[in-house]
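model.cif follows; it contains mmCIF, C-alpha atoms and all ligand atoms.
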data_target
loop_
_atom_site.label_atom_id
_atom_site.label_comp_id
_atom_site.auth_asym_id
_atom_site.auth_seq_id
_atom_site.Cartn_x
_atom_site.Cartn_y
_atom_site.Cartn_z
CA MET N 3 -106.21 5.29 34.71
CA ARG N 4 -105.70 3.43 31.44
CA ASN N 5 -108.37 2.89 28.80
CA CYS N 6 -110.25 -0.19 30.05
CA LYS N 7 -112.09 -2.94 28.26
CA ASN N 8 -114.64 -5.25 29.90
CA VAL N 9 -116.57 -8.23 28.54
CA LEU N 10 -118.95 -7.18 25.76
CA HIS N 11 -121.90 -9.51 26.41
CA TYR N 12 -123.05 -11.70 29.25
CA ILE N 13 -126.07 -13.64 30.35
CA PHE N 14 -126.63 -14.74 33.91
CA GLY N 15 -128.96 -17.18 35.64
CA GLN N 16 -129.74 -20.77 36.62
CA GLY N 17 -130.02 -22.85 33.47
CA SER N 18 -128.46 -20.26 31.15
CA PHE N 19 -125.97 -22.94 30.04
CA ASN N 20 -128.78 -24.25 27.81
CA GLN N 21 -128.33 -21.20 25.61
CA VAL N 22 -124.85 -22.23 24.52
CA GLU N 23 -126.29 -23.62 21.28
CA SER N 24 -127.78 -20.30 20.20
CA PHE N 25 -124.45 -18.49 20.70
CA VAL N 26 -122.39 -21.15 18.99
CA THR N 27 -124.73 -21.42 16.00
CA ARG N 28 -124.20 -17.76 15.20
CA LYS N 29 -120.46 -18.37 14.85
CA ARG N 30 -120.71 -21.44 12.62
CA ASN N 31 -120.99 -20.89 8.86
CA ALA N 32 -119.87 -22.41 5.55
CA GLU N 33 -116.39 -20.93 5.95
CA ASN N 34 -115.95 -21.54 9.68
CA LYS N 35 -117.53 -24.86 10.43
CA SER N 36 -115.85 -25.90 13.61
CA ILE N 37 -116.01 -24.83 17.23
CA ILE N 38 -113.21 -25.59 19.70
CA TYR N 39 -114.36 -26.51 23.19
CA CYS N 40 -111.89 -26.39 26.09
CA LEU N 41 -113.46 -28.21 29.03
CA ASP N 42 -112.03 -28.81 32.49
CA HIS N 43 -111.11 -32.51 32.65
CA TYR N 44 -113.58 -32.88 35.53
CA PHE N 45 -116.35 -32.79 32.91
CA LYS N 46 -115.06 -35.84 31.08
CA ASN N 47 -117.08 -38.04 33.38
CA ASN N 48 -119.93 -35.85 34.42
CA GLY N 49 -122.00 -35.71 31.24
CA LEU N 50 -121.76 -31.97 30.56
CA ALA N 51 -120.24 -32.62 27.13
CA ASN N 52 -123.45 -34.43 26.16
CA ARG N 53 -125.29 -31.14 26.59
CA LEU N 54 -123.07 -29.37 24.02
CA PRO N 55 -124.29 -28.92 20.44
CA LEU N 56 -121.36 -30.87 18.97
CA SER N 57 -120.91 -31.38 15.22
CA ASP N 58 -118.43 -33.67 13.44
CA TRP N 59 -116.20 -30.69 12.80
CA ASP N 60 -115.84 -29.70 16.43
CA GLN N 61 -112.87 -30.33 18.67
CA VAL N 62 -113.24 -31.08 22.36
CA ILE N 63 -110.12 -30.56 24.45
CA TYR N 64 -110.22 -31.73 28.05
CA VAL N 65 -107.89 -29.38 29.90
CA ASP N 66 -105.78 -31.12 32.52
CA THR N 67 -106.13 -28.84 35.54
CA SER N 68 -104.16 -31.05 37.89
CA LYS N 69 -101.46 -28.47 37.10
CA GLU N 70 -102.21 -24.82 36.41
CA PRO N 71 -101.60 -23.68 32.80
CA PHE N 72 -97.95 -23.65 31.81
CA THR N 73 -96.57 -22.46 28.50
CA PRO N 74 -95.36 -25.80 27.01
CA TYR N 75 -98.78 -27.35 27.74
CA ILE N 76 -100.60 -24.51 25.95
CA ASN N 77 -98.15 -24.77 23.04
CA THR N 78 -98.82 -28.50 22.66
CA ILE N 79 -102.58 -27.89 22.39
CA VAL N 80 -102.04 -25.07 19.89
CA LYS N 81 -99.59 -27.09 17.79
CA GLY N 82 -102.15 -29.88 17.44
CA LEU N 83 -104.87 -27.45 16.38
CA ARG N 84 -102.62 -25.63 13.91
CA GLU N 85 -101.72 -28.93 12.26
CA GLU N 86 -105.38 -29.86 11.86
CA GLN N 87 -105.65 -28.13 8.46
CA ARG N 88 -109.34 -28.78 7.89
CA LEU N 89 -110.16 -26.67 10.93
CA LYS N 90 -111.22 -23.11 10.36
CA PRO N 91 -112.77 -22.53 13.73
CA GLY N 92 -115.48 -19.93 14.26
CA ALA N 93 -115.15 -19.77 18.04
CA VAL N 94 -113.42 -21.08 21.14
CA VAL N 95 -115.59 -22.00 24.13
CA GLY N 96 -113.97 -22.36 27.59
CA ILE N 97 -115.86 -24.22 30.32
CA GLY N 98 -114.19 -24.50 33.70
CA GLY N 99 -112.31 -22.51 36.32
CA GLY N 100 -109.51 -19.99 35.93
CA SER N 101 -107.14 -22.61 34.52
CA THR N 102 -109.50 -23.67 31.74
CA LEU N 103 -110.77 -20.19 30.94
CA ASP N 104 -107.18 -18.94 30.67
CA THR N 105 -106.28 -21.89 28.44
CA ALA N 106 -109.22 -21.06 26.15
CA LYS N 107 -108.10 -17.43 25.94
CA ALA N 108 -104.53 -18.38 25.08
CA VAL N 109 -105.65 -20.92 22.47
CA SER N 110 -107.94 -18.37 20.82
CA ILE N 111 -105.12 -15.82 20.60
CA LEU N 112 -102.46 -18.24 19.39
CA LEU N 113 -104.66 -19.47 16.55
CA THR N 114 -104.63 -16.00 14.97
CA ASN N 115 -101.11 -14.90 15.97
CA THR N 116 -97.76 -16.42 15.08
CA GLY N 117 -95.31 -17.74 17.64
CA TRP N 118 -95.97 -19.35 21.02
CA ALA N 119 -97.50 -18.63 24.41
CA GLU N 120 -94.32 -17.26 26.00
CA ASP N 121 -93.99 -14.61 23.24
CA TYR N 122 -97.08 -12.83 24.54
CA GLN N 123 -96.55 -12.96 28.31
CA GLY N 124 -96.49 -9.34 29.36
CA TRP N 125 -98.54 -6.27 28.54
CA ASP N 126 -100.18 -5.52 25.17
CA LEU N 127 -97.94 -7.73 23.06
CA VAL N 128 -100.73 -9.48 21.15
CA LYS N 129 -101.06 -8.10 17.60
CA ASN N 130 -104.22 -9.65 16.16
CA PRO N 131 -107.63 -10.26 17.75
CA GLY N 132 -108.12 -13.90 18.70
CA LEU N 133 -111.01 -16.11 17.61
CA TYR N 134 -114.43 -15.27 19.03
CA MET N 135 -114.39 -16.44 22.67
CA ILE N 136 -117.22 -17.67 24.86
CA GLY N 137 -116.47 -18.16 28.58
CA ILE N 138 -118.53 -20.36 30.90
CA PRO N 139 -117.16 -20.47 34.47
CA SER N 140 -117.84 -23.64 36.46
CA ILE N 141 -116.23 -22.42 39.71
CA SER N 142 -116.25 -18.81 40.96
CA GLY N 143 -113.52 -16.58 42.29
CA THR N 144 -110.62 -15.86 39.96
CA GLY N 145 -112.45 -13.33 37.77
CA ALA N 146 -110.73 -14.90 34.74
CA GLU N 147 -114.12 -14.74 33.04
CA SER N 148 -114.07 -10.94 32.98
CA SER N 149 -110.40 -9.94 33.19
CA ARG N 150 -108.05 -9.03 30.34
CA THR N 151 -105.39 -11.55 31.18
CA CYS N 152 -104.66 -15.25 30.96
CA VAL N 153 -102.13 -16.41 33.48
CA MET N 154 -99.50 -19.02 32.63
CA ILE N 155 -96.47 -20.45 34.37
CA ASN N 156 -93.35 -20.19 32.23
CA PRO N 157 -91.13 -22.95 33.66
CA GLU N 158 -88.07 -21.89 31.66
CA ARG N 159 -88.10 -18.35 33.06
CA GLY N 160 -89.38 -19.45 36.48
CA ILE N 161 -92.24 -16.93 36.43
CA LYS N 162 -96.01 -16.84 36.43
CA LEU N 163 -97.21 -14.10 34.10
CA GLY N 164 -100.31 -13.32 32.07
CA MET N 165 -100.92 -12.35 28.48
CA ASN N 166 -102.45 -8.99 29.32
CA SER N 167 -104.25 -7.60 26.31
CA ASP N 168 -107.56 -6.21 25.14
CA TYR N 169 -107.75 -9.30 22.94
CA SER N 170 -107.75 -11.59 25.99
CA VAL N 171 -111.26 -10.52 27.05
CA PHE N 172 -114.15 -12.91 26.39
CA ASP N 173 -116.68 -11.73 23.80
CA GLN N 174 -119.55 -13.56 25.46
CA LEU N 175 -120.07 -15.01 28.94
CA ILE N 176 -122.62 -17.53 30.10
CA LEU N 177 -122.86 -17.25 33.89
CA ASP N 178 -124.85 -20.21 35.16
CA PRO N 179 -124.51 -20.79 38.93
CA GLU N 180 -125.94 -24.29 38.52
CA LEU N 181 -122.55 -25.39 37.15
CA THR N 182 -120.78 -24.69 40.45
CA SER N 183 -122.95 -27.03 42.54
CA THR N 184 -120.47 -29.92 42.19
CA VAL N 185 -117.35 -28.06 43.37
CA PRO N 186 -115.81 -29.69 46.50
CA ARG N 187 -116.08 -27.52 49.65
CA ASN N 188 -112.39 -26.74 50.18
CA GLN N 189 -111.81 -25.92 46.51
CA TYR N 190 -114.93 -23.74 46.45
CA PHE N 191 -113.54 -21.76 49.39
CA TYR N 192 -109.95 -21.50 48.07
CA THR N 193 -110.99 -20.29 44.61
CA GLY N 194 -113.86 -18.16 45.94
CA LEU N 195 -111.53 -16.31 48.30
CA ASP N 196 -109.53 -15.10 45.29
CA THR N 197 -112.16 -12.40 44.72
CA TYR N 198 -111.98 -11.21 48.35
CA ILE N 199 -108.18 -11.18 48.18
CA HIS N 200 -107.90 -9.33 44.84
CA CYS N 201 -110.26 -6.70 46.19
CA LEU N 202 -108.61 -6.22 49.58
CA GLU N 203 -105.26 -5.84 47.84
CA SER N 204 -106.44 -3.21 45.40
CA LEU N 205 -108.49 -1.30 48.00
CA ASN N 206 -105.42 -1.12 50.27
CA GLY N 207 -103.11 -0.11 47.43
CA ARG N 208 -101.65 3.19 46.33
CA TYR N 209 -102.94 3.13 42.75
CA ARG N 210 -106.66 3.56 43.08
CA ASN N 211 -109.44 4.94 40.92
CA ALA N 212 -113.15 5.44 41.44
CA ILE N 213 -114.31 2.73 39.03
CA GLY N 214 -111.87 0.04 40.21
CA ASP N 215 -112.86 0.87 43.80
CA ALA N 216 -116.58 0.59 43.03
CA PHE N 217 -116.18 -2.86 41.42
CA SER N 218 -113.92 -4.02 44.27
CA GLN N 219 -116.16 -2.73 47.07
CA GLN N 220 -119.24 -4.46 45.71
CA ALA N 221 -117.36 -7.71 45.00
CA MET N 222 -115.93 -7.65 48.52
CA LEU N 223 -119.34 -7.06 50.07
CA LEU N 224 -120.81 -10.04 48.22
CA SER N 225 -117.82 -12.26 49.12
CA LYS N 226 -118.24 -11.42 52.81
CA GLU N 227 -121.96 -12.18 52.64
CA VAL N 228 -121.23 -15.57 51.09
CA PHE N 229 -118.38 -16.69 53.33
CA LEU N 230 -119.74 -15.33 56.58
CA SER N 231 -123.13 -16.96 56.03
CA GLU N 232 -124.09 -20.42 57.23
CA ASP N 233 -123.83 -22.29 53.93
CA MET N 234 -121.48 -20.82 51.34
CA LEU N 235 -122.72 -23.41 48.80
CA SER N 236 -126.44 -22.61 48.95
CA GLU N 237 -128.08 -21.83 45.61
CA GLU N 238 -128.36 -18.14 46.54
CA ASN N 239 -124.72 -17.95 47.62
CA ARG N 240 -123.42 -19.69 44.51
CA ALA N 241 -125.23 -17.08 42.42
CA LYS N 242 -123.84 -14.26 44.59
CA LEU N 243 -120.30 -15.58 44.36
CA MET N 244 -120.55 -15.83 40.58
CA VAL N 245 -121.51 -12.15 40.44
CA ALA N 246 -118.73 -11.24 42.91
CA SER N 247 -116.18 -13.08 40.77
CA TYR N 248 -117.37 -11.31 37.63
CA LEU N 249 -117.15 -7.90 39.33
CA GLY N 250 -113.76 -8.74 40.82
CA GLY N 251 -112.48 -9.58 37.34
CA CYS N 252 -113.78 -6.23 36.05
CA ALA N 253 -111.90 -4.51 38.87
CA ILE N 254 -108.62 -6.16 37.80
CA ALA N 255 -108.82 -4.17 34.52
CA SER N 256 -108.11 -0.93 36.35
CA SER N 257 -106.37 -1.93 39.57
CA TYR N 258 -103.37 -3.77 40.93
CA VAL N 259 -103.03 -6.57 43.46
CA GLY N 260 -100.71 -6.26 46.47
CA VAL N 261 -98.55 -8.47 48.71
CA VAL N 262 -100.62 -11.69 48.68
CA HIS N 263 -100.48 -12.41 44.95
CA PRO N 264 -96.69 -12.19 44.49
CA PHE N 265 -96.28 -14.65 47.39
CA SER N 266 -98.90 -17.02 46.02
CA ALA N 267 -97.38 -16.79 42.52
CA GLY N 268 -94.04 -17.82 44.08
CA LEU N 269 -95.67 -20.86 45.67
CA GLY N 270 -97.23 -21.73 42.30
CA VAL N 271 -94.02 -21.44 40.29
CA VAL N 272 -91.58 -23.02 42.74
CA LEU N 273 -93.73 -25.61 44.54
CA GLY N 274 -96.66 -26.13 42.13
CA ILE N 275 -99.27 -25.07 44.71
CA HIS N 276 -102.54 -24.05 43.10
CA HIS N 277 -103.55 -20.43 43.13
CA GLY N 278 -106.57 -20.54 45.45
CA LEU N 279 -104.90 -22.64 48.13
CA ALA N 280 -101.66 -20.65 47.82
CA ASN N 281 -103.58 -17.40 48.41
CA CYS N 282 -105.19 -18.83 51.55
CA LEU N 283 -101.85 -20.08 52.89
CA VAL N 284 -100.37 -16.61 52.38
CA MET N 285 -103.34 -14.94 54.06
CA THR N 286 -102.53 -16.76 57.31
CA VAL N 287 -99.42 -14.58 57.72
CA MET N 288 -100.53 -11.24 56.28
CA ASP N 289 -101.62 -9.55 59.54
CA GLU N 290 -98.77 -7.08 59.31
CA PHE N 291 -100.00 -5.81 55.94
CA TYR N 292 -103.78 -6.37 56.05
CA PRO N 293 -104.75 -6.80 59.74
CA LYS N 294 -108.51 -6.15 59.49
CA GLU N 295 -108.95 -8.35 56.43
CA VAL N 296 -106.95 -11.22 57.94
CA GLU N 297 -109.23 -11.20 60.96
CA ILE N 298 -112.27 -11.52 58.69
CA PHE N 299 -110.48 -14.27 56.72
CA TRP N 300 -110.20 -16.35 59.92
CA GLU N 301 -113.88 -15.74 60.68
CA MET N 302 -114.72 -17.10 57.22
CA VAL N 303 -112.52 -20.18 57.74
CA GLU N 304 -114.19 -20.79 61.08
CA GLU N 305 -117.72 -20.31 59.72
CA GLN N 306 -117.21 -22.65 56.74
CA GLN N 307 -115.06 -25.19 58.59
CA VAL N 308 -112.56 -25.51 55.73
CA GLU N 309 -109.02 -26.84 56.00
CA ILE N 310 -106.10 -24.46 55.82
CA PRO N 311 -102.90 -26.51 56.15
CA ARG N 312 -100.16 -25.00 58.32
CA GLY N 313 -96.44 -25.44 58.73
CA LEU N 314 -95.73 -26.61 55.16
CA PHE N 315 -92.69 -24.43 54.44
CA LYS N 316 -90.64 -24.61 57.62
CA ASN N 317 -87.99 -26.92 56.26
CA LEU N 318 -87.37 -25.93 52.67
CA THR N 319 -83.85 -25.92 51.26
CA GLU N 320 -81.85 -22.72 50.89
CA THR N 321 -82.21 -23.07 47.09
CA GLN N 322 -85.99 -23.29 47.40
CA TYR N 323 -86.13 -20.17 49.60
CA ASP N 324 -83.91 -18.40 47.05
CA LYS N 325 -86.18 -19.39 44.19
CA LEU N 326 -89.25 -18.33 46.15
CA TYR N 327 -87.72 -14.96 46.95
CA ASN N 328 -86.73 -14.36 43.32
CA SER N 329 -90.13 -15.28 41.98
CA ILE N 330 -91.83 -12.92 44.45
CA ILE N 331 -89.64 -9.87 44.11
CA VAL N 332 -90.05 -9.71 40.30
CA HIS N 333 -93.66 -8.58 40.81
CA GLU N 334 -92.72 -4.94 40.99
CA LYS N 335 -96.07 -3.34 40.20
CA PRO N 336 -98.15 -5.11 42.86
CA LEU N 337 -95.41 -4.81 45.48
CA ALA N 338 -94.94 -1.10 44.81
CA ASN N 339 -98.73 -0.72 44.88
CA ALA N 340 -98.81 -2.24 48.36
CA LEU N 341 -95.53 -1.12 49.94
CA GLY N 342 -94.23 1.81 47.92
CA ASP N 343 -91.19 2.10 45.65
CA ASN N 344 -88.82 0.94 48.40
CA PHE N 345 -90.56 -2.46 48.68
CA ARG N 346 -87.17 -4.22 48.38
CA ASP N 347 -86.06 -2.64 51.67
CA ILE N 348 -89.19 -3.94 53.38
CA LEU N 349 -89.30 -7.40 51.81
CA THR N 350 -85.72 -8.52 52.32
CA LYS N 351 -84.78 -12.15 51.71
CA GLU N 352 -84.65 -12.73 55.51
CA LYS N 353 -88.12 -11.26 55.95
CA VAL N 354 -89.56 -13.39 53.13
CA VAL N 355 -88.09 -16.58 54.62
CA LYS N 356 -89.54 -15.65 58.03
CA ILE N 357 -92.96 -15.20 56.43
CA PHE N 358 -92.79 -18.65 54.82
CA MET N 359 -91.67 -20.22 58.09
CA ALA N 360 -94.73 -18.77 59.81
CA MET N 361 -97.27 -19.99 57.22
P1 LIG Z 1 -108.92 -24.35 38.45
O1 LIG Z 1 -109.49 -23.91 37.16
O2 LIG Z 1 -107.49 -24.71 38.50
O3 LIG Z 1 -109.80 -25.56 39.00
C1 LIG Z 1 -109.61 -26.04 40.32
C2 LIG Z 1 -110.23 -27.40 40.52
O4 LIG Z 1 -111.65 -27.30 40.50
C3 LIG Z 1 -109.83 -28.39 39.44
O5 LIG Z 1 -109.52 -29.60 40.07
C4 LIG Z 1 -111.11 -28.56 38.62
O6 LIG Z 1 -111.19 -29.82 38.02
C5 LIG Z 1 -112.17 -28.33 39.66
N1 LIG Z 1 -113.47 -27.88 39.15
C6 LIG Z 1 -113.75 -26.81 38.35
N2 LIG Z 1 -115.08 -26.69 38.17
C7 LIG Z 1 -115.65 -27.73 38.84
C8 LIG Z 1 -116.99 -28.14 39.04
N3 LIG Z 1 -118.04 -27.46 38.54
N4 LIG Z 1 -117.22 -29.24 39.80
C9 LIG Z 1 -116.18 -29.93 40.36
N5 LIG Z 1 -114.90 -29.58 40.21
C10 LIG Z 1 -114.63 -28.48 39.46
O7 LIG Z 1 -109.18 -23.31 39.63
P2 LIG Z 1 -109.30 -21.75 39.71
O8 LIG Z 1 -108.94 -21.43 41.11
O9 LIG Z 1 -110.61 -21.28 39.19
O10 LIG Z 1 -108.19 -21.20 38.71
C11 LIG Z 1 -106.86 -21.00 39.07
C12 LIG Z 1 -106.11 -20.43 37.89
O11 LIG Z 1 -106.65 -19.17 37.52
C13 LIG Z 1 -104.64 -20.18 38.20
O12 LIG Z 1 -103.83 -20.60 37.12
C14 LIG Z 1 -104.57 -18.69 38.37
O13 LIG Z 1 -103.30 -18.15 38.09
C15 LIG Z 1 -105.59 -18.23 37.37
N6 LIG Z 1 -106.10 -16.88 37.57
C16 LIG Z 1 -106.42 -16.17 36.48
C17 LIG Z 1 -106.92 -14.89 36.59
C18 LIG Z 1 -107.25 -14.10 35.36
O14 LIG Z 1 -107.64 -12.96 35.48
N7 LIG Z 1 -107.11 -14.65 34.19
C19 LIG Z 1 -107.12 -14.32 37.85
C20 LIG Z 1 -106.79 -15.08 38.97
C21 LIG Z 1 -106.30 -16.36 38.83
ZN ZN Z 2 -105.89 -14.30 42.12
#
Would you put the structure from the file into structure tokens?
Amino acid sequence: MRNCKNVLHYIFGQGSFNQVESFVTRKRNAENKSIIYCLDHYFKNNGLANRLPLSDWDQVIYVDTSKEPFTPYINTIVKGLREEQRLKPGAVVGIGGGSTLDTAKAVSILLTNTGWAEDYQGWDLVKNPGLYMIGIPSISGTGAESSRTCVMINPERGIKLGMNSDYSVFDQLILDPELTSTVPRNQYFYTGLDTYIHCLESLNGRYRNAIGDAFSQQAMLLSKEVFLSEDMLSEENRAKLMVASYLGGCAIASSYVGVVHPFSAGLGVVLGIHHGLANCLVMTVMDEFYPKEVEIFWEMVEEQQVEIPRGLFKNLTETQYDKLYNSIIVHEKPLANALGDNFRDILTKEKVVKIFMAM
């Protein structure tokens, strides 16, 4: 396995958000006066910003998560910050779900590296450490808080790909389950299931290692406890899911995903479907690859009474099916992890179209 890096510091617990001031203060000094806050746009109207220790120097960016991060959007934010000469930020704080946390990571990196977001999509391309980064998840599941990647859609290249680097790991996490109490039920399920899905993919893959397995097994156990219990949104379950998400993100450092993620990335790039929902749509037709886990998935859906739309992709155009196929088949590592080196013989264009028809 490769040399892995995980988050350096974290605190966990109800109300730990109140400690944000103590962490931010340490990063503010005469030279670096400002702090950049990237907040999910949901928090514009919910008063969370009033709880931040804002100074006149600080910048608050409300991240529009109606679309998942795409490279031109990140570049626009970065351009604005680079032009703001008086800013010498001491830290970037991300508060939100995977989209916002990934935006914060990319912003931090692009403020200390030249060029633009698309230049660093890939593996270990980032040259300089980013600004000090604090991550505060407000919805659990993606593991973006603890992984070494920030995922962005590159519309020009028609791909969804992360900046994978040791510099894209948060320096400090504040894990406060209280923040997730306002997440709508369906969204909570869709995003939460990301942990379960990452873990089932890596545990069924060919590239395994003892540490990745240990993180994945524990994260999977917690996810099952949450989604097979009566109320996935109870205080206890929100805390459990936050831990599961953190562990799932740690697992990503040393493991690969499988068949589900390439399909859901395709749905994201070609049809703009958000990651969590896309994963769940794909799970409905994965019995051939992950039969046991799909059965449990349906039990979870049943228990939590969430909506999983069906029949959305029966009548796409030939061009759309082509684009979907192309954006799936580029994910060589996960597909080889799941299906072996001859994955192209198994996932032919006809087979992929059939899978979409059945969703
Ligand atoms: P998200 O960040 O896109 O947010 C989903 C929705 O939840 C948004 O509408 C947002 O406004 C809302 N929301 C967030 N917190 C809320 C709260 N406390 N109360 C009410 N509403 C709230 O969702 P996500 O599923 O967490 O993130 C998806 C993104 O993460 C995708 O771009 C995906 O590719 C990426 N991802 C990254 C990694 C990684 O390791 N970096 C891993 C998996 C997925
Ligand atoms: Zn995922």
Option closest in space to ligand LIG 1 (chain Z), from N:Ile141, N:Val284, N:Leu41, N:Ala106 [counting only C-alpha atoms and all ligand atoms]: N:Ile141
Residues near stretch 145-155 of chain N, cut-off 6 Å, all atoms listed in the file, skip fewer than 6 positions along chain, as a PyMOL selection string: chain N and resi 9+71-72+100+104+161-168+170-171+247-248+250-252
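Comparing the minimum interatomic distances between N:Phe25 and each of N:Glu295, N:Lys226, N:Gln61, N:Ile136, counting only C-alpha atoms, we find that N:Ile136 sits nearest.
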Counting all atoms listed in the file, which residues of chain N fall within 8 Å of ligand ZN 2 (chain Z), and what is the closest atom pair for each with its distance in Å at one decimal, ordered by chain and rising number, as a tab-separated table?
residue	atom	partner	partner_atom	distance
N:Gly143	CA	Z:ZN2	ZN	8.0
N:Thr144	CA	Z:ZN2	ZN	5.4
N:Gly145	CA	Z:ZN2	ZN	7.9
N:Asp196	CA	Z:ZN2	ZN	4.9
N:Thr197	CA	Z:ZN2	ZN	7.0
N:Ile199	CA	Z:ZN2	ZN	7.2
N:His200	CA	Z:ZN2	ZN	6.0
N:His263	CA	Z:ZN2	ZN	6.4
N:His277	CA	Z:ZN2	ZN	6.6
N:Gly278	CA	Z:ZN2	ZN	7.1
N:Asn281	CA	Z:ZN2	ZN	7.4
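Remark: for ligand LIG 1 (chain Z), the closest of the candidate residues N:Leu56, N:Val185, N:Ile111, N:Cys6 is N:Val185 (distances computed over all atoms listed in the file).
If you count all atoms listed in the file and ignore residues fewer than 4 places along the chain from stretch 212-216 of chain N, what sits within 7 Å of it is Leu205, Gln220, Ala253, Ser256 and Ser257 of chain N.
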